[in-house]
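A short worksheet on the structure shown next.
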Amino acid sequence: MSAVEDVVTEAPAVEAVPKRAMTLGTGTSVVVLLLLLVVPVFAKNFVIFQLTQLLYLGLAVLALNILTGGSGQFSLGQSAFYGIGAYITAVMMEQFNIPYFLCLPVAGVLCFGVGFLFGQPALRLSGVYLALATFALATAMPQLLKLNFLEKWTGGVQGLVVTKPDAPFGLKMSQDMWLYYFTLVVVLAIYIFSVNLLRSRSGRAFMAIRDNEIAASAMGVNVALYKTLAFGVSAGITGVAGGLSAIAVQFVAPDSFTITLAIQLFLGMVVGGVGWLPGSIIGAAFIIFVPNIAEGISKGLSGAVFGVLLFLVIYLVPHGARQVAILGQQFASRLRKN
Amino acid sequence: MPAMHVRLGALAAALALSASLSTGASAQKKYDTGASDTEIKIGNIMAYSGPASAYGVIGKTEEAYFRKVNAEGGINGRKINFISYDDAYSPPKTVEQARKLVESDEVLFIFNSLGTPPNSAIQKYMNSKKVPQLFVATGATKWNDPQNFPWTMGWQPNYQSETQIYAKYILKEMPNAKIAVLFQNDDYGKDYLKGLKDGLGAKAASMIVQEESYEVSEPTIDSHIVKLKSTGADVFVNITTPKFAAQAIKKNAEIGWKPVHFLNNVSISIGSVMKPAGIENGQGVISSAYLKDPTDPQWKDDAGMKAWNEFLDKYYPDANRTDNSVVYGYTVAQTLAHVLKQCGDDLTRENVMKQAASIKDLELGMMLPGIKVNTSPTDFAPLSQLQLMRFKGETWERFGDVISGDVGG
């Protein structure tokens, strides 16, 4: 192993995150959940739409977090799985008239399969090399979606318009609000699943691989299986997030799933704190709102302003939101002692 | 020729007059969200960053033009508040920005949002909200569909009508031509190709000997040109964006392939295509246009060109004057100013669409002589005329009549 590779593989595994530190305390969880439930009632439709965006992008960041924070593997190819999930959902809804809530599991399962298969060759790679391989996947995806023989279903370069579902059972609720609560339920379910996954035997295997592959295999962990499994789970969740995005945005096109998206997700994970699941939502908030703030500061230099803000975050709190949370906790406990 | 130009001042006066006439008829002031006695709020979505950021100039030019309008007293006494957001050419971001404009900033309408995929993403939303999506900045043919999308309207001549015009010309002048086509593998390239095939009709299959596509991410298209030459075609239809167009013209000369060369309107800039390709290599290339090229010496003393230059001097001094997008942004903003003047004091979304759909023979300073803006309730394609031209010396020499090719969506 070269020195470069060592440095890169070690970087995400900040220090081994204890299992309990991966989630929020019960009190905080309840507060956050209440906020997520109540805020939309008082918000404008546009804000609800943004919150929905926050949820499904947070889900995609969470998926990457399981892969990188959990099993220590890199991926710059999440946009590909996200795109596949979005397209599967859109095509099923529009071309085959299948209800949206049935499309999402299908998207998840198929993406799990694709991720699992992609994980096989990726096994031989690690660190920067794996990042590069997944990068290739992300660059290829928009062009694959444009392929002629798929055009019948995908609408080719023109993309596909998706019909937004109405609230069921005659509920008097706007489409946006219904979609928000629907997304919230899906995201919560997957969040709980992920927390339990990481606390389970499989989760411990992921983390053992992350911390030391050789030691893990010596302990009897099937390294190859768990590495590909992590890829599969991550891809599956990303696919569901992509499906939710297709419904919320009401449109899919190859240009929606470029490498920029993959980098954004990666960025969201780092800002949220690698390996800290609740940080995913904070990371998603960063990638949604900070570009808007940057644009507000200077239109011509929005990219540069964004860069400066990102640099500040990484420089001041290299471990992202997790570090802020820990600092806050320490501060609170010190107050209590006094 | 200059007599045919409606001078800007005279135009403004005429517009003011017609506006005052129409206000006389309906004295009552009517407003929708985004309009008031003092202000008209207009939304815009541009790619200031990302792969299409070169077009961001259009948004900047429009912003400058509305500053000029405001400095000169606004439109019917109302100032334009032009809110322009960046979507980086990413459709999900476009949706977010469009919703922000409509629901949070509460604009009267969205004007000249850029690109086919971004506009496709918001078309359904805009139409269900009944907010005008006016003069979108894309040449796709589907924007001219008042039946299904009465709140969406294009502006520039669409891609299909352009290649239909070439097809007509080929059928008339060279009925036995063997045609080779090079096109960019995206919506824009495919739209152009469809127009060509439709124009050739039943003869398309026999006349087109090779269709070759390239990806926008390819560094060079030299190998495609060599392949096309080997087909022995004597007509070359070149559907490429500026960088590739210059490469194609140059490569043709290098390998000594001399077909009749049709170049799409997207890449006719003398400054950014013909000069880099080599002036001598571009001789005889045929294309078509509807706007004046600022780098073309024949417009040096033209009144419209002078007005454009004065505008840039005062409101957008650091503009790149060889960039056709600056002409584009200026002219489309003028068209909008015309529509808003026509609206008078009835600034409802419905009336904005109504006025946009009843433009009659509007001529603007930077459009070629004889090209007019025309719309009707069943024709949502404001510009549908083009004039053929041939590159000769250092300039485009126009020939034939102004040809129109209306294609519905």
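Order determines the names: the first chain of the structure tokens is A, the second B, and so forth; residues in each chain are numbered 1 upward, and ligands are numbered 1 upward as they are shown.
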
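Any residue of chain B with an atom within 8 Å of chain A counts; using only C-alpha atoms, that gives Tyr48, Ser49, Tyr85, Asp86, Tyr89, Ser90, Pro91, Pro92, Val95, Glu96, Arg99, Lys100, Glu103, Ser104, Thr116, Pro117, Ser120, Ala121, Lys124, Asp186 and Asp187 of chain B.
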
*Within 10 Å of range 98-114 of chain A, counting only C-alpha atoms, which residues qualify if same-chain residues fewer than 5 places away don't, as a PyMOL selection string?*
chain A and resi 80-93+119+163-165+182+186+229-244+247

_Show me, as a VMD selection string, the residues that have an atom within 9 Å of Leu108 in chain B when counting only C-alpha atoms, minus same-chain residues fewer than 3 positions from it._
chain B and resid 32 to 35 40 to 43 102 131 to 132 347 to 349

Selection near Lys314 in chain B, 12 Å with only C-alpha atoms, sequence-local residues under 5 positions removed, as a PDB file with N, CA and C atoms, in the first residue's frame:
ATOM      1  N   ALA B  64     -29.162  44.587 -17.360  1.00  0.00           N
ATOM      2  CA  ALA B  64     -28.688  45.912 -17.765  1.00  0.00           C
ATOM      3  C   ALA B  64     -29.768  46.657 -18.550  1.00  0.00           C
ATOM      4  N   TYR B  65     -30.474  45.912 -19.417  1.00  0.00           N
ATOM      5  CA  TYR B  65     -31.497  46.569 -20.229  1.00  0.00           C
ATOM      6  C   TYR B  65     -32.637  47.095 -19.353  1.00  0.00           C
ATOM      7  N   ARG B  67     -32.346  48.014 -16.315  1.00  0.00           N
ATOM      8  CA  ARG B  67     -31.817  49.197 -15.625  1.00  0.00           C
ATOM      9  C   ARG B  67     -31.986  50.429 -16.501  1.00  0.00           C
ATOM     10  N   LYS B  68     -31.732  50.234 -17.795  1.00  0.00           N
ATOM     11  CA  LYS B  68     -31.919  51.335 -18.736  1.00  0.00           C
ATOM     12  C   LYS B  68     -33.379  51.763 -18.772  1.00  0.00           C
ATOM     13  N   ALA B  71     -34.102  53.679 -15.673  1.00  0.00           N
ATOM     14  CA  ALA B  71     -33.473  55.006 -15.681  1.00  0.00           C
ATOM     15  C   ALA B  71     -34.258  55.967 -16.559  1.00  0.00           C
ATOM     16  N   ALA B 307     -27.421  52.056 -31.595  1.00  0.00           N
ATOM     17  CA  ALA B 307     -28.216  52.143 -30.359  1.00  0.00           C
ATOM     18  C   ALA B 307     -27.770  51.063 -29.373  1.00  0.00           C
ATOM     19  N   TRP B 308     -27.490  49.876 -29.928  1.00  0.00           N
ATOM     20  CA  TRP B 308     -27.026  48.754 -29.089  1.00  0.00           C
ATOM     21  C   TRP B 308     -25.700  49.097 -28.423  1.00  0.00           C
ATOM     22  N   ASN B 309     -24.799  49.672 -29.231  1.00  0.00           N
ATOM     23  CA  ASN B 309     -23.497  50.048 -28.684  1.00  0.00           C
ATOM     24  C   ASN B 309     -23.620  51.124 -27.617  1.00  0.00           C
ATOM     25  N   ALA B 319     -19.316  44.304 -21.281  1.00  0.00           N
ATOM     26  CA  ALA B 319     -19.852  43.218 -22.115  1.00  0.00           C
ATOM     27  C   ALA B 319     -18.854  42.866 -23.214  1.00  0.00           C
TER      28      ALA B 319
END

_For the structure I just gave you, how does DSSP split range 87-175 of chain B - specifically, which residues are strand (DSSP E or B)? Reply as a list of chain:residue names._
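These are the residues in question: B:Phe109, B:Ile110, B:Phe111, B:Leu114, B:Gln133, B:Leu134, B:Ala137, B:Thr152.
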
*Hey, what's within 7 Å of Thr61 in chain B if we count only C-alpha atoms and toss same-chain stuff fewer than 5 positions away? As a PyMOL selection string, please?*
chain B and resi 326+329-330

Preceding selection exported with N, CA and C atoms as an mmCIF file, in the first residue's frame:
data_model
loop_
_atom_site.group_PDB
_atom_site.id
_atom_site.type_symbol
_atom_site.label_atom_id
_atom_site.label_comp_id
_atom_site.auth_asym_id
_atom_site.auth_seq_id
_atom_site.Cartn_x
_atom_site.Cartn_y
_atom_site.Cartn_z
ATOM 1 N N VAL B 326 -25.224 38.651 -26.186
ATOM 2 C CA VAL B 326 -25.517 40.022 -25.752
ATOM 3 C C VAL B 326 -26.593 40.631 -26.668
ATOM 4 N N GLY B 329 -29.943 38.790 -25.667
ATOM 5 C CA GLY B 329 -30.544 39.280 -24.418
ATOM 6 C C GLY B 329 -31.173 40.658 -24.607
ATOM 7 N N TYR B 330 -30.490 41.490 -25.348
ATOM 8 C CA TYR B 330 -30.972 42.851 -25.609
ATOM 9 C C TYR B 330 -32.292 42.812 -26.380
#

_B:Glu397, B:Glu106, B:Glu173, B:Asp191 ranked by distance to Val235 in chain B, top pick (using only C-alpha atoms)_ = B:Glu173

*Determine which residues of range 150-325 of chain B receive a DSSP assignment of alpha helix (DSSP H), computed from the backbone, and state them as a PyMOL selection string.*
chain B and resi 159-173+187-200+204-207+222-229+242-254+275-277+303-315+324-325

So that I can check the surroundings of range 189-204 of chain A, please list as a PDB file with N, CA and C atoms, in the first residue's frame every protein, DNA and RNA residue that reaches within 10 Å of it, counting only C-alpha atoms and ignoring chain neighbours fewer than 5 positions away.
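The file below, selection.pdb, is the result:
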ATOM      1  N   PRO A  18     -17.979   5.575  18.314  1.00  0.00           N
ATOM      2  CA  PRO A  18     -18.689   4.580  19.110  1.00  0.00           C
ATOM      3  C   PRO A  18     -20.128   4.456  18.637  1.00  0.00           C
ATOM      4  N   LYS A  19     -20.692   3.292  18.819  1.00  0.00           N
ATOM      5  CA  LYS A  19     -22.009   3.042  18.242  1.00  0.00           C
ATOM      6  C   LYS A  19     -23.057   4.030  18.719  1.00  0.00           C
ATOM      7  N   ARG A  20     -23.011   4.317  20.032  1.00  0.00           N
ATOM      8  CA  ARG A  20     -24.070   5.168  20.548  1.00  0.00           C
ATOM      9  C   ARG A  20     -23.954   6.592  20.011  1.00  0.00           C
ATOM     10  N   MET A  22     -23.388   7.518  17.215  1.00  0.00           N
ATOM     11  CA  MET A  22     -23.828   7.662  15.830  1.00  0.00           C
ATOM     12  C   MET A  22     -25.224   8.259  15.728  1.00  0.00           C
ATOM     13  N   THR A  23     -25.929   8.297  16.819  1.00  0.00           N
ATOM     14  CA  THR A  23     -27.302   8.784  16.757  1.00  0.00           C
ATOM     15  C   THR A  23     -27.506   9.909  17.760  1.00  0.00           C
ATOM     16  N   LEU A  59     -31.603  11.893   3.001  1.00  0.00           N
ATOM     17  CA  LEU A  59     -31.627  10.441   2.878  1.00  0.00           C
ATOM     18  C   LEU A  59     -30.481   9.949   1.997  1.00  0.00           C
ATOM     19  N   LEU A  62     -27.370  10.249   3.921  1.00  0.00           N
ATOM     20  CA  LEU A  62     -27.361   9.165   4.910  1.00  0.00           C
ATOM     21  C   LEU A  62     -26.850   7.870   4.285  1.00  0.00           C
ATOM     22  N   ALA A  63     -27.304   7.614   3.058  1.00  0.00           N
ATOM     23  CA  ALA A  63     -26.886   6.396   2.371  1.00  0.00           C
ATOM     24  C   ALA A  63     -25.374   6.390   2.175  1.00  0.00           C
ATOM     25  N   ILE A  66     -23.589   5.675   5.427  1.00  0.00           N
ATOM     26  CA  ILE A  66     -23.496   4.260   5.803  1.00  0.00           C
ATOM     27  C   ILE A  66     -22.295   3.627   5.111  1.00  0.00           C
ATOM     28  N   GLY A  70     -19.743   4.099   7.749  1.00  0.00           N
ATOM     29  CA  GLY A  70     -19.904   2.769   8.287  1.00  0.00           C
ATOM     30  C   GLY A  70     -18.804   1.833   7.847  1.00  0.00           C
ATOM     31  N   SER A  71     -18.721   1.575   6.521  1.00  0.00           N
ATOM     32  CA  SER A  71     -17.791   0.551   6.069  1.00  0.00           C
ATOM     33  C   SER A  71     -16.487   1.128   5.544  1.00  0.00           C
ATOM     34  N   THR A 183     -42.817  11.679   2.501  1.00  0.00           N
ATOM     35  CA  THR A 183     -41.363  11.595   2.492  1.00  0.00           C
ATOM     36  C   THR A 183     -40.835  11.410   3.909  1.00  0.00           C
ATOM     37  N   LEU A 184     -41.439  12.152   4.843  1.00  0.00           N
ATOM     38  CA  LEU A 184     -40.985  12.077   6.229  1.00  0.00           C
ATOM     39  C   LEU A 184     -41.106  10.650   6.768  1.00  0.00           C
ATOM     40  N   ILE A 209     -14.388  -3.579   9.379  1.00  0.00           N
ATOM     41  CA  ILE A 209     -13.703  -3.465   8.083  1.00  0.00           C
ATOM     42  C   ILE A 209     -13.132  -2.058   7.917  1.00  0.00           C
ATOM     43  N   ARG A 210     -13.941  -1.077   8.309  1.00  0.00           N
ATOM     44  CA  ARG A 210     -13.511   0.314   8.182  1.00  0.00           C
ATOM     45  C   ARG A 210     -12.224   0.541   8.985  1.00  0.00           C
ATOM     46  N   ALA A 216     -10.271  -7.434  10.803  1.00  0.00           N
ATOM     47  CA  ALA A 216     -11.658  -7.879  10.642  1.00  0.00           C
ATOM     48  C   ALA A 216     -11.714  -9.269  10.053  1.00  0.00           C
ATOM     49  N   VAL A 221     -14.787 -12.024   9.880  1.00  0.00           N
ATOM     50  CA  VAL A 221     -15.757 -11.262   9.098  1.00  0.00           C
ATOM     51  C   VAL A 221     -15.522 -11.543   7.619  1.00  0.00           C
ATOM     52  N   TYR A 226     -19.401  -8.323   3.178  1.00  0.00           N
ATOM     53  CA  TYR A 226     -19.888  -7.133   3.857  1.00  0.00           C
ATOM     54  C   TYR A 226     -19.566  -5.835   3.102  1.00  0.00           C
ATOM     55  N   LEU A 229     -22.118  -5.730   0.443  1.00  0.00           N
ATOM     56  CA  LEU A 229     -23.413  -5.502   1.080  1.00  0.00           C
ATOM     57  C   LEU A 229     -23.584  -4.019   1.417  1.00  0.00           C
ATOM     58  N   ALA A 230     -22.521  -3.424   1.946  1.00  0.00           N
ATOM     59  CA  ALA A 230     -22.582  -1.995   2.268  1.00  0.00           C
ATOM     60  C   ALA A 230     -22.873  -1.193   1.010  1.00  0.00           C
ATOM     61  N   VAL A 233     -26.647  -1.752   0.151  1.00  0.00           N
ATOM     62  CA  VAL A 233     -27.574  -1.033   1.033  1.00  0.00           C
ATOM     63  C   VAL A 233     -27.539   0.459   0.711  1.00  0.00           C
ATOM     64  N   SER A 234     -26.328   0.979   0.580  1.00  0.00           N
ATOM     65  CA  SER A 234     -26.176   2.389   0.289  1.00  0.00           C
ATOM     66  C   SER A 234     -26.859   2.747  -1.035  1.00  0.00           C
ATOM     67  N   ILE A 237     -30.764   2.650  -0.698  1.00  0.00           N
ATOM     68  CA  ILE A 237     -31.340   3.830  -0.031  1.00  0.00           C
ATOM     69  C   ILE A 237     -31.246   5.050  -0.947  1.00  0.00           C
ATOM     70  N   VAL A 240     -34.035   5.012  -3.397  1.00  0.00           N
ATOM     71  CA  VAL A 240     -35.310   5.478  -2.842  1.00  0.00           C
ATOM     72  C   VAL A 240     -35.310   7.009  -2.775  1.00  0.00           C
ATOM     73  N   LEU A 277     -25.044   9.788  11.725  1.00  0.00           N
ATOM     74  CA  LEU A 277     -26.230   9.748  10.865  1.00  0.00           C
ATOM     75  C   LEU A 277     -27.095  11.017  10.919  1.00  0.00           C
ATOM     76  N   PRO A 278     -27.388  11.575  12.108  1.00  0.00           N
ATOM     77  CA  PRO A 278     -28.238  12.773  12.099  1.00  0.00           C
ATOM     78  C   PRO A 278     -27.600  13.934  11.330  1.00  0.00           C
TER      79      PRO A 278
END

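Those residues that approach Glu394 in chain B to within 10 Å, counting only C-alpha atoms, are Ile270, Met274, Lys275, Ile279, Glu280, Gly282, Gln283, Thr295, Asp296, Pro297, Gln298, Phe391, Lys392, Trp396 and Glu397 of chain B; same-chain residues fewer than 2 positions away are not listed.
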
Store the residues of this selection in a file with C-alpha atoms, as a CSV table (one decimal), in the first residue's frame.
chain,number,residue,atom,x,y,z
B,270,ILE,CA,-17.8,35.6,-37.0
B,274,MET,CA,-15.5,31.9,-38.5
B,275,LYS,CA,-12.3,33.6,-37.4
B,279,ILE,CA,-11.6,33.1,-42.8
B,280,GLU,CA,-10.4,31.4,-46.0
B,282,GLY,CA,-15.2,29.3,-44.3
B,283,GLN,CA,-15.8,30.7,-47.7
B,295,THR,CA,-18.7,41.4,-35.5
B,296,ASP,CA,-20.0,41.8,-39.1
B,297,PRO,CA,-18.5,44.9,-40.7
B,298,GLN,CA,-21.7,45.5,-42.8
B,391,PHE,CA,-20.0,33.6,-46.0
B,392,LYS,CA,-18.0,35.7,-48.4
B,396,TRP,CA,-22.1,37.0,-44.2
B,397,GLU,CA,-23.8,38.0,-47.5

*Between CA of Pro40 in chain A and CA of Tyr180 in chain A, measure the distance and give it in Å to one decimal.*
8.2 Å
